[in-house]
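Shown next: coords.txt, given as compact mmCIF, C-alpha atoms (C1' of nucleotides).
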# COMPACT_ATOMS: atom_id res chain seq x y z
CA MET A 26 -26.94 5.27 -18.13
CA SER A 27 -26.12 1.99 -16.43
CA GLU A 28 -27.38 1.06 -13.02
CA LYS A 29 -23.84 0.76 -11.72
CA PHE A 30 -23.32 4.33 -12.78
CA ILE A 31 -26.39 5.44 -10.87
CA HIS A 32 -25.24 3.41 -7.88
CA PHE A 33 -21.94 5.23 -7.94
CA ARG A 34 -23.60 8.66 -8.04
CA LYS A 35 -25.86 7.69 -5.19
CA PHE A 36 -22.87 6.45 -3.20
CA LEU A 37 -21.06 9.75 -3.73
CA ALA A 38 -24.08 11.82 -2.77
CA GLU A 39 -24.70 9.78 0.39
CA ARG A 40 -21.20 10.41 1.62
CA GLY A 41 -21.18 14.10 0.78
CA TYR A 42 -18.80 13.53 -2.11
CA LYS A 43 -19.24 15.32 -5.38
CA THR A 44 -20.14 14.10 -8.81
CA THR A 45 -17.52 15.46 -11.14
CA ARG A 46 -16.75 15.34 -14.85
CA GLN A 47 -13.66 13.22 -14.07
CA ARG A 48 -15.41 10.69 -11.85
CA ASP A 49 -18.21 10.30 -14.34
CA LEU A 50 -15.80 9.70 -17.17
CA ILE A 51 -13.58 7.29 -15.28
CA ALA A 52 -16.51 5.25 -13.97
CA ARG A 53 -18.23 5.16 -17.34
CA THR A 54 -15.05 4.11 -19.11
CA LEU A 55 -14.36 1.41 -16.55
CA PHE A 56 -17.87 -0.04 -16.76
CA GLN A 57 -17.67 -0.13 -20.52
CA SER A 58 -14.31 -1.88 -20.70
CA GLY A 59 -13.69 -5.61 -20.53
CA ARG A 60 -13.42 -7.74 -17.44
CA HIS A 61 -9.89 -7.18 -16.19
CA ILE A 62 -8.24 -3.83 -16.69
CA SER A 63 -5.07 -2.22 -15.32
CA VAL A 64 -4.84 1.34 -14.03
CA GLU A 65 -2.60 2.26 -16.93
CA GLU A 66 -5.01 0.89 -19.54
CA LEU A 67 -7.92 2.65 -17.91
CA TYR A 68 -5.91 5.87 -17.74
CA GLN A 69 -5.10 5.68 -21.45
CA HIS A 70 -8.75 5.07 -22.39
CA VAL A 71 -9.87 7.97 -20.24
CA ARG A 72 -7.14 10.17 -21.62
CA LYS A 73 -8.35 9.68 -25.18
CA GLN A 74 -11.63 11.28 -24.15
CA ASP A 75 -10.13 13.99 -21.96
CA PRO A 76 -6.35 14.43 -21.99
CA ARG A 77 -6.37 16.77 -19.01
CA ILE A 78 -7.32 14.07 -16.52
CA GLY A 79 -4.52 13.08 -14.17
CA LEU A 80 -3.44 9.56 -13.26
CA VAL A 81 -3.92 10.47 -9.59
CA THR A 82 -7.60 11.01 -10.19
CA VAL A 83 -7.89 7.58 -11.76
CA TYR A 84 -6.32 6.02 -8.67
CA ARG A 85 -8.55 8.06 -6.38
CA THR A 86 -11.70 7.21 -8.32
CA LEU A 87 -10.86 3.52 -8.35
CA LYS A 88 -10.55 3.68 -4.58
CA LEU A 89 -14.00 5.22 -4.33
CA LEU A 90 -15.43 2.62 -6.68
CA MET A 91 -13.97 -0.05 -4.44
CA GLU A 92 -15.51 1.55 -1.36
CA ALA A 93 -18.78 1.54 -3.24
CA GLY A 94 -18.29 -2.17 -3.87
CA LEU A 95 -18.48 -1.63 -7.61
CA VAL A 96 -14.93 -2.69 -8.32
CA GLU A 97 -12.48 -5.24 -6.96
CA GLU A 98 -8.73 -5.09 -6.99
CA ARG A 99 -6.84 -8.25 -7.93
CA HIS A 100 -3.13 -8.85 -7.53
CA PHE A 101 -1.98 -11.35 -10.11
CA GLY A 102 1.57 -11.74 -8.86
CA GLU A 103 4.23 -9.05 -8.69
CA GLY A 104 3.15 -5.83 -10.33
CA HIS A 105 0.11 -7.13 -12.18
CA THR A 106 -2.72 -5.36 -10.44
CA LEU A 107 -6.00 -5.46 -12.31
CA TYR A 108 -9.48 -4.20 -11.54
CA GLU A 109 -12.70 -6.07 -12.21
CA GLU A 110 -16.39 -5.54 -11.64
CA GLY A 111 -17.42 -6.07 -8.03
CA LEU A 112 -20.64 -7.36 -6.45
CA ARG A 113 -20.49 -10.49 -8.54
CA GLU A 114 -20.55 -14.11 -7.57
CA HIS A 115 -17.32 -15.40 -6.11
CA HIS A 116 -14.88 -16.88 -8.58
CA ASP A 117 -11.21 -17.66 -9.10
CA HIS A 118 -8.94 -17.35 -12.13
CA LEU A 119 -7.09 -19.24 -14.82
CA ILE A 120 -4.34 -17.06 -16.30
CA CYS A 121 -2.46 -17.70 -19.51
CA THR A 122 1.19 -16.89 -18.86
CA HIS A 123 1.79 -16.43 -22.58
CA CYS A 124 -0.94 -14.08 -23.82
CA GLY A 125 -2.32 -12.82 -20.52
CA LYS A 126 -5.84 -14.15 -21.13
CA ILE A 127 -7.83 -14.51 -17.93
CA VAL A 128 -10.71 -16.96 -17.52
CA GLU A 129 -12.88 -17.10 -14.43
CA PHE A 130 -13.94 -20.33 -12.79
CA GLU A 131 -15.74 -21.51 -9.72
CA ASN A 132 -15.77 -24.92 -8.17
CA HIS A 133 -17.87 -25.66 -5.14
CA ILE A 134 -16.11 -28.90 -4.35
CA ILE A 135 -12.80 -27.06 -4.09
CA GLU A 136 -14.40 -24.42 -1.88
CA GLY A 137 -15.72 -27.17 0.36
CA LEU A 138 -12.34 -28.85 0.58
CA GLN A 139 -10.76 -25.54 1.51
CA GLU A 140 -13.04 -25.39 4.52
CA GLU A 141 -11.94 -28.88 5.49
CA VAL A 142 -8.30 -27.89 5.25
CA ALA A 143 -8.93 -24.80 7.37
CA LYS A 144 -10.79 -26.85 9.97
CA LYS A 145 -7.91 -29.30 10.18
CA TYR A 146 -5.55 -26.48 11.16
CA GLY A 147 -8.03 -24.61 13.31
CA PHE A 148 -8.35 -21.67 10.93
CA ILE A 149 -11.45 -19.68 10.04
CA ILE A 150 -11.23 -18.64 6.39
CA LEU A 151 -12.10 -15.03 5.64
CA SER A 152 -11.03 -14.96 2.02
CA HIS A 153 -8.88 -16.85 -0.41
CA LYS A 154 -6.92 -16.58 -3.59
CA HIS A 155 -6.80 -19.44 -6.06
CA GLU A 156 -5.02 -18.84 -9.33
CA LEU A 157 -4.07 -21.37 -11.97
CA TYR A 158 -1.24 -20.26 -14.25
CA GLY A 159 -0.60 -21.99 -17.56
CA LEU A 160 -1.22 -21.95 -21.29
CA CYS A 161 -4.61 -21.33 -22.85
CA GLU A 162 -5.69 -23.35 -25.87
CA THR A 163 -4.40 -20.76 -28.34
CA CYS A 164 -0.97 -20.56 -26.76
CA GLN A 165 -0.25 -24.27 -26.49
CA PRO A 166 2.75 -25.49 -28.56
CA SER A 167 0.73 -27.67 -30.95
CA THR A 168 -1.80 -25.02 -31.96
CA PRO A 169 -1.34 -21.94 -34.26
CA GLN A 170 0.07 -19.82 -31.40
CA GLY A 171 -1.50 -16.72 -29.91
CA ARG A 172 0.67 -13.64 -29.73
CA PRO A 173 2.42 -12.85 -26.46
CA HIS A 174 1.01 -10.12 -24.26
CA GLU A 175 3.20 -6.97 -24.21
CA ASN A 176 3.39 -6.63 -20.47
CA LEU A 177 3.65 -10.28 -19.67
CA THR A 178 7.27 -11.07 -20.30
CA THR A 179 7.57 -12.27 -16.71
CA LEU A 180 4.24 -13.46 -15.46
CA PRO A 181 4.02 -14.91 -11.97
CA VAL A 182 5.18 -18.46 -11.58
CA SER A 183 4.72 -19.18 -7.91
CA SER A 184 4.08 -22.56 -6.41
CA ALA A 185 5.18 -25.16 -8.95
CA MET B 22 28.15 -27.39 6.81
CA SER B 23 24.75 -28.23 5.40
CA GLU B 24 24.25 -29.96 2.09
CA LYS B 25 22.28 -26.97 0.79
CA PHE B 26 25.28 -24.84 1.51
CA ILE B 27 27.52 -27.20 -0.46
CA HIS B 28 24.98 -27.23 -3.26
CA PHE B 29 25.10 -23.44 -3.40
CA ARG B 30 28.90 -23.38 -3.58
CA LYS B 31 28.84 -25.99 -6.30
CA PHE B 32 26.24 -23.99 -8.21
CA LEU B 33 28.39 -20.87 -8.02
CA ALA B 34 31.52 -22.67 -9.16
CA GLU B 35 29.74 -24.31 -12.09
CA ARG B 36 28.63 -20.95 -13.39
CA GLY B 37 31.96 -19.24 -12.91
CA TYR B 38 30.60 -17.22 -10.01
CA LYS B 39 32.63 -16.63 -6.91
CA THR B 40 32.22 -17.78 -3.34
CA THR B 41 32.41 -14.74 -1.13
CA ARG B 42 32.20 -13.95 2.56
CA GLN B 43 28.86 -12.18 1.96
CA ARG B 44 27.26 -14.98 -0.04
CA ASP B 45 28.36 -17.54 2.51
CA LEU B 46 26.94 -15.52 5.36
CA ILE B 47 23.66 -14.71 3.65
CA ALA B 48 23.08 -18.31 2.54
CA ARG B 49 24.01 -19.74 5.92
CA THR B 50 21.76 -17.30 7.75
CA LEU B 51 18.86 -18.02 5.42
CA PHE B 52 19.18 -21.78 5.78
CA GLN B 53 19.26 -21.47 9.54
CA SER B 54 16.20 -19.26 9.82
CA GLY B 55 12.58 -20.39 9.96
CA ARG B 56 10.29 -21.21 7.09
CA HIS B 57 9.13 -17.88 5.74
CA ILE B 58 11.42 -14.88 5.93
CA SER B 59 11.33 -11.41 4.39
CA VAL B 60 14.29 -9.66 2.80
CA GLU B 61 14.31 -7.11 5.58
CA GLU B 62 14.36 -9.76 8.33
CA LEU B 63 17.13 -11.63 6.59
CA TYR B 64 19.06 -8.40 6.14
CA GLN B 65 18.79 -7.61 9.85
CA HIS B 66 19.96 -11.08 10.86
CA VAL B 67 22.89 -10.87 8.50
CA ARG B 68 23.73 -7.38 9.68
CA LYS B 69 24.08 -8.55 13.27
CA GLN B 70 26.89 -10.79 12.13
CA ASP B 71 28.49 -8.33 9.72
CA PRO B 72 27.16 -4.77 9.69
CA ARG B 73 29.03 -3.86 6.53
CA ILE B 74 26.90 -6.04 4.28
CA GLY B 75 24.59 -4.10 1.99
CA LEU B 76 20.91 -4.75 1.36
CA VAL B 77 21.68 -4.95 -2.35
CA THR B 78 23.89 -7.94 -1.77
CA VAL B 79 21.08 -9.69 0.08
CA TYR B 80 18.77 -9.14 -2.90
CA ARG B 81 21.43 -10.31 -5.32
CA THR B 82 22.25 -13.40 -3.30
CA LEU B 83 18.58 -14.33 -2.97
CA LYS B 84 18.33 -14.17 -6.74
CA LEU B 85 21.25 -16.54 -7.08
CA LEU B 86 19.76 -18.88 -4.51
CA MET B 87 16.54 -18.90 -6.53
CA GLU B 88 18.44 -19.69 -9.72
CA ALA B 89 20.06 -22.53 -7.80
CA GLY B 90 16.58 -23.74 -6.84
CA LEU B 91 17.42 -23.48 -3.16
CA VAL B 92 14.91 -20.76 -2.41
CA GLU B 93 11.43 -19.80 -3.58
CA GLU B 94 9.89 -16.38 -3.62
CA ARG B 95 6.28 -16.06 -2.47
CA HIS B 96 4.05 -13.06 -2.89
CA PHE B 97 1.45 -13.00 -0.15
CA GLY B 98 -0.60 -10.10 -1.43
CA GLU B 99 0.60 -6.54 -1.91
CA GLY B 100 4.04 -5.95 -0.49
CA HIS B 101 4.40 -9.14 1.53
CA THR B 102 7.15 -10.96 -0.28
CA LEU B 103 8.67 -13.82 1.66
CA TYR B 104 11.31 -16.41 0.85
CA GLU B 105 11.18 -20.07 1.72
CA GLU B 106 13.27 -23.16 1.19
CA GLY B 107 13.01 -24.52 -2.34
CA LEU B 108 13.22 -28.05 -3.72
CA ARG B 109 10.54 -29.22 -1.33
CA GLU B 110 7.29 -30.98 -1.96
CA HIS B 111 4.59 -28.79 -3.42
CA HIS B 112 2.30 -27.12 -0.90
CA ASP B 113 -0.03 -24.17 -0.46
CA HIS B 114 -0.63 -21.80 2.46
CA LEU B 115 -3.03 -20.81 5.19
CA ILE B 116 -2.25 -17.29 6.39
CA CYS B 117 -3.53 -15.69 9.58
CA THR B 118 -4.48 -12.12 8.73
CA HIS B 119 -4.17 -11.13 12.38
CA CYS B 120 -0.80 -12.43 13.56
CA GLY B 121 0.80 -13.32 10.25
CA LYS B 122 1.24 -17.01 11.06
CA ILE B 123 1.67 -19.16 7.99
CA VAL B 124 0.76 -22.85 7.85
CA GLU B 125 1.49 -25.05 4.87
CA PHE B 126 -0.99 -27.55 3.50
CA GLU B 127 -1.38 -29.88 0.59
CA ASN B 128 -4.50 -31.54 -0.70
CA HIS B 129 -4.35 -33.95 -3.59
CA ILE B 130 -8.06 -33.86 -4.22
CA ILE B 131 -7.93 -30.11 -4.75
CA GLU B 132 -4.93 -30.51 -7.05
CA GLY B 133 -6.88 -33.07 -9.05
CA LEU B 134 -9.92 -30.82 -9.30
CA GLN B 135 -7.70 -27.99 -10.51
CA GLU B 136 -6.66 -30.16 -13.42
CA GLU B 137 -10.30 -30.80 -14.21
CA VAL B 138 -11.04 -27.10 -14.18
CA ALA B 139 -8.10 -26.43 -16.48
CA LYS B 140 -9.18 -29.17 -18.86
CA LYS B 141 -12.67 -27.73 -19.04
CA TYR B 142 -11.26 -24.43 -20.28
CA GLY B 143 -8.55 -25.96 -22.47
CA PHE B 144 -5.70 -24.76 -20.26
CA ILE B 145 -2.50 -26.58 -19.38
CA ILE B 146 -1.52 -25.66 -15.82
CA LEU B 147 2.11 -24.79 -15.27
CA SER B 148 1.83 -23.55 -11.71
CA HIS B 149 -0.72 -22.30 -9.25
CA LYS B 150 -1.23 -20.22 -6.17
CA HIS B 151 -3.73 -21.22 -3.54
CA GLU B 152 -3.85 -19.14 -0.39
CA LEU B 153 -6.42 -19.24 2.37
CA TYR B 154 -6.60 -16.08 4.47
CA GLY B 155 -8.29 -16.06 7.84
CA LEU B 156 -7.80 -16.36 11.58
CA CYS B 157 -5.68 -19.00 13.23
CA GLU B 158 -6.86 -20.68 16.42
CA THR B 159 -5.02 -18.20 18.66
CA CYS B 160 -6.46 -15.16 16.94
CA GLN B 161 -10.09 -16.18 16.90
CA PRO B 162 -12.44 -13.93 18.93
CA SER B 163 -13.35 -16.54 21.55
CA THR B 164 -9.80 -17.54 22.46
CA PRO B 165 -7.17 -15.60 24.53
CA GLN B 166 -6.06 -13.56 21.49
CA GLY B 167 -2.64 -13.67 19.90
CA ARG B 168 -0.91 -10.37 19.42
CA PRO B 169 -1.13 -8.72 16.02
CA HIS B 170 1.84 -8.89 13.69
CA GLU B 171 3.66 -5.55 13.36
CA ASN B 172 3.70 -5.43 9.61
CA LEU B 173 0.31 -6.95 9.05
CA THR B 174 -2.06 -4.08 9.64
CA THR B 175 -3.43 -4.56 6.16
CA LEU B 176 -2.98 -8.11 5.08
CA PRO B 177 -4.32 -9.19 1.69
CA VAL B 178 -8.04 -9.70 1.48
CA SER B 179 -8.60 -10.65 -2.12
CA SER B 180 -11.36 -12.87 -3.42
CA ALA B 181 -14.09 -12.96 -0.78
C1' DC C 18 53.31 -16.65 -3.18
C1' DT C 19 52.19 -12.74 -6.81
C1' DT C 20 49.40 -10.99 -10.39
C1' DG C 21 45.60 -9.38 -13.01
C1' DA C 22 41.31 -10.14 -15.34
C1' DA C 23 36.79 -10.94 -14.19
C1' DA C 24 33.46 -10.99 -10.76
C1' DT C 25 31.62 -8.79 -6.59
C1' DT C 26 30.53 -5.30 -3.49
C1' DG C 27 28.09 -1.29 -1.47
C1' DA C 28 26.78 3.53 -1.75
C1' DA C 29 24.21 6.27 -4.33
C1' DA C 30 21.24 7.00 -8.06
C1' DT C 31 17.32 5.21 -10.49
C1' DT C 32 12.98 2.97 -11.44
C1' DC C 33 8.23 1.90 -10.80
C1' DA C 34 3.67 1.77 -8.74
C1' DG C 35 1.20 4.13 -5.82
C1' DT C 36 0.30 8.02 -2.30
C1' DT C 37 0.60 12.62 -0.27
C1' DT C 38 0.86 17.60 -0.46
C1' DC C 39 -0.85 21.81 -1.65
C1' DA C 40 -2.38 25.73 -4.33
C1' DT C 41 -6.04 26.23 -7.34
C1' DC C 42 -10.50 25.13 -9.06
C1' DT C 43 -15.44 23.55 -9.03
C1' DG C 44 -19.93 21.39 -7.69
C1' DA C 45 -24.07 22.06 -5.41
C1' DG C 46 -26.78 23.84 -1.54
C1' DG C 47 -28.22 27.98 -0.17
C1' DC D 8 -24.46 33.99 -8.07
C1' DC D 9 -21.96 32.97 -3.49
C1' DT D 10 -19.50 30.26 -0.70
C1' DC D 11 -16.77 26.74 0.86
C1' DA D 12 -16.02 21.76 1.46
C1' DG D 13 -14.59 18.73 -1.58
C1' DA D 14 -11.95 17.69 -5.90
C1' DT D 15 -8.24 18.22 -9.08
C1' DG D 16 -3.58 17.76 -10.99
C1' DA D 17 1.34 18.86 -10.85
C1' DA D 18 4.99 17.84 -8.34
C1' DA D 19 7.06 15.87 -4.50
C1' DC D 20 7.35 11.78 -1.98
C1' DT D 21 7.33 6.82 -0.49
C1' DG D 22 9.02 1.98 -0.24
C1' DA D 23 10.51 -1.98 -2.60
C1' DA D 24 13.53 -3.39 -5.75
C1' DT D 25 17.13 -2.68 -9.50
C1' DT D 26 20.98 -0.42 -11.85
C1' DT D 27 25.32 2.10 -12.03
C1' DC D 28 29.95 2.53 -11.12
C1' DA D 29 34.31 3.05 -8.73
C1' DA D 30 36.72 0.43 -5.51
C1' DT D 31 37.58 -4.20 -3.77
C1' DT D 32 38.02 -9.21 -3.77
C1' DT D 33 38.35 -13.81 -5.67
C1' DC D 34 40.85 -17.29 -7.84
C1' DA D 35 43.47 -19.41 -11.42
C1' DA D 36 47.61 -19.05 -13.96
C1' DG D 37 52.34 -17.99 -13.62
Rendering of file as C-alpha cells:
Amino acid sequence: MSEKFIHFRKFLAERGYKTTRQRDLIARTLFQSGRHISVEELYQHVRKQDPRIGLVTVYRTLKLLMEAGLVEERHFGEGHTLYEEGLREHHDHLICTHCGKIVEFENHIIEGLQEEVAKKYGFIILSHKHELYGLCETCQPSTPQGRPHENLTTLPVSSA
Amino acid sequence: MSEKFIHFRKFLAERGYKTTRQRDLIARTLFQSGRHISVEELYQHVRKQDPRIGLVTVYRTLKLLMEAGLVEERHFGEGHTLYEEGLREHHDHLICTHCGKIVEFENHIIEGLQEEVAKKYGFIILSHKHELYGLCETCQPSTPQGRPHENLTTLPVSSA
DNA sequence: CTTGAAATTGAAATTCAGTTTCATCTGAGG
DNA sequence: CCTCAGATGAAACTGAATTTCAATTTCAAG
C-alpha cells in the first residue's frame, strides 16, 4: 500500500470523513495510472474493477484528493481537464497537439524572468500557467508519424 | 467606418456570406469595446442597441470574426473565455485574481528560452500560453484595495 | 423594382462537463 | 450489533456553447 494511499486515509480520518470501498478503489486506481489522466479515463478504469461505481463519486473523490494535496487539476484549453499527482516540484508542460503526449519541463531562468515581468507591472505573482503546444518528435512531418489521439481533434491553439 | 469593419465585410463577401444588420452591429460593438470582452458582456452591449438580437447570433458572429482573423479567443482558466482583437503582435498576460484586470506583456528572452526547452524535448512549438496570475498594484494588501471583480470569485489558480 | 434560392436569424431543444438533490445505504465509534 | 453522520448513485439540474428548424432576410439575376 503506497504512502500516498496512507496519506489519503489519514486525511479522511482527520476530517471525520469515511474510508469507503469506492474511495479506496478510485484513489488506488489513480495512483497506479500514468501522469495525466482525465475523469472519464479514470472512471472507465475504476468501472472495470467495480461497475457499480458512479461517475459522481469519481468527481467527489478527486475533489477530496485535491483537498488532501495529492492531486492537481490542470486545464489544458477548452474541455481538456486532466489530473496529475500533486505535492511535486513545480513544472510546466509541452503538449503535442497531434497525439496528445504531455512532457513536463521546468526552467528557472524563465521563472526568474516572469518575476521581472510582474515587477515591471507592479504585480505579485501567485501562480502561473505556461504551456507550449506543438508537435512531438514522433508526430513531426518528416518522421514515421505517431497516431492521432482520439479526443484531440481540436486541441487548444491559443496565443500564436 | 473602421478598416477592421471593412475587412470583415470583404471577408464575408469573399466567402459568399451575407452582410446583415446583426453582424454589422456585433462587429462594430466589439471593435469599439475594450481589450478583453466576454460573450455575455458583448451580448449586453449589443442588446442595448437592438434588443431583438439573439445570443446565438453573437456566438456565430464571433466565430466568423475568428475565421476572418479579426478576433482571438482566450481561455483564462475554467469558464473565463474572453475575446480580444486579433492580428496583433504576439503577447501574453498578467491577470489579477482579485479584480480581474488583465495586462499584456511580451518578453523575447522568455520566447527564446521556450524554443530551447522545446528543442531539448524534440518538440516543434506551434503556439503557447503563458499566463501569470496574481495581484495587481491596486489589489495588494498594503495599498487602498481595489474592489473585487463580480465574476472572479474563483479565478484560475493552476500551477503554483 | 421584383423574385427566389441560399444564407441568416432566433427560439427552443440539445449537448457536454460538472454539480446538486435526495432517498437509501454503510462505516466506524460506541 | 446499534446508531447516525457521512457516503453513495440515480436522476435532476446548471451554465456555456452548439444544433435544429421554421420563418425571415439578403442579394444577384431578371
Q. Could you list, as a VMD selection string, every residue of chain A that has an atom within 9 Å of an atom of chain B, counting all atoms listed in the file?
A. chain A and resid 97 to 104 115 to 117 119 to 122 128 130 to 132 134 to 135 138 to 139 142 to 143 146 to 163 165 181 to 185
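Set the cut-off at 8 Å, count all atoms listed in the file, and the residues of chain C near chain B turn out to be C:DA24, C:DT25, C:DT26, C:DG27.
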Close residues, Lys29 of chain A itself excluded, 10 Å, all atoms listed in the file, min 2 positions apart in chain, as an MDAnalysis selection string
chainID A and resid 26:27 31:35 52:53 56 90 93 95 110
Residues of chain D at most 10 Å from chain A: nearest atom pair and distance in Å, only C-alpha atoms (C1' of nucleotides), as CSV:
residue,atom,partner,partner_atom,distance
D:DA12,C1',A:Gly41,CA,9.3
D:DG13,C1',A:Tyr42,CA,6.7
D:DA14,C1',A:Lys43,CA,7.7
D:DT15,C1',A:Thr82,CA,7.3
D:DG16,C1',A:Gly79,CA,5.7
D:DA17,C1',A:Gly79,CA,8.9
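We find atom CA of Ile51 of chain A and atom CA of Val83 of chain A to be spaced 6.7 Å apart.
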Between B:Phe32, B:Arg81, B:Thr50, B:Arg56, smallest distance to DT26 of chain D by all atoms listed in the file belongs to B:Arg81
Students should find that atom C1' of DC9 of chain D and atom CA of Asp49 of chain A are spaced 25.4 Å
re atom CA of Cys124 of chain A and atom CA of Ile62 of chain A: distance 14.5 Å
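Compared by their closest atoms to DC18 of chain C, and using only C-alpha atoms (C1' of nucleotides), the residues D:DG37, D:DA30, D:DC11, D:DG22 rank with D:DG37 nearest.
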Handout entry: Spatial neighbours of segment 59-69 of chain B, 6 Å, all atoms listed in the file, chain gap at least 2 places, as an MDAnalysis selection string
Key = chainID B and resid 71:72 103
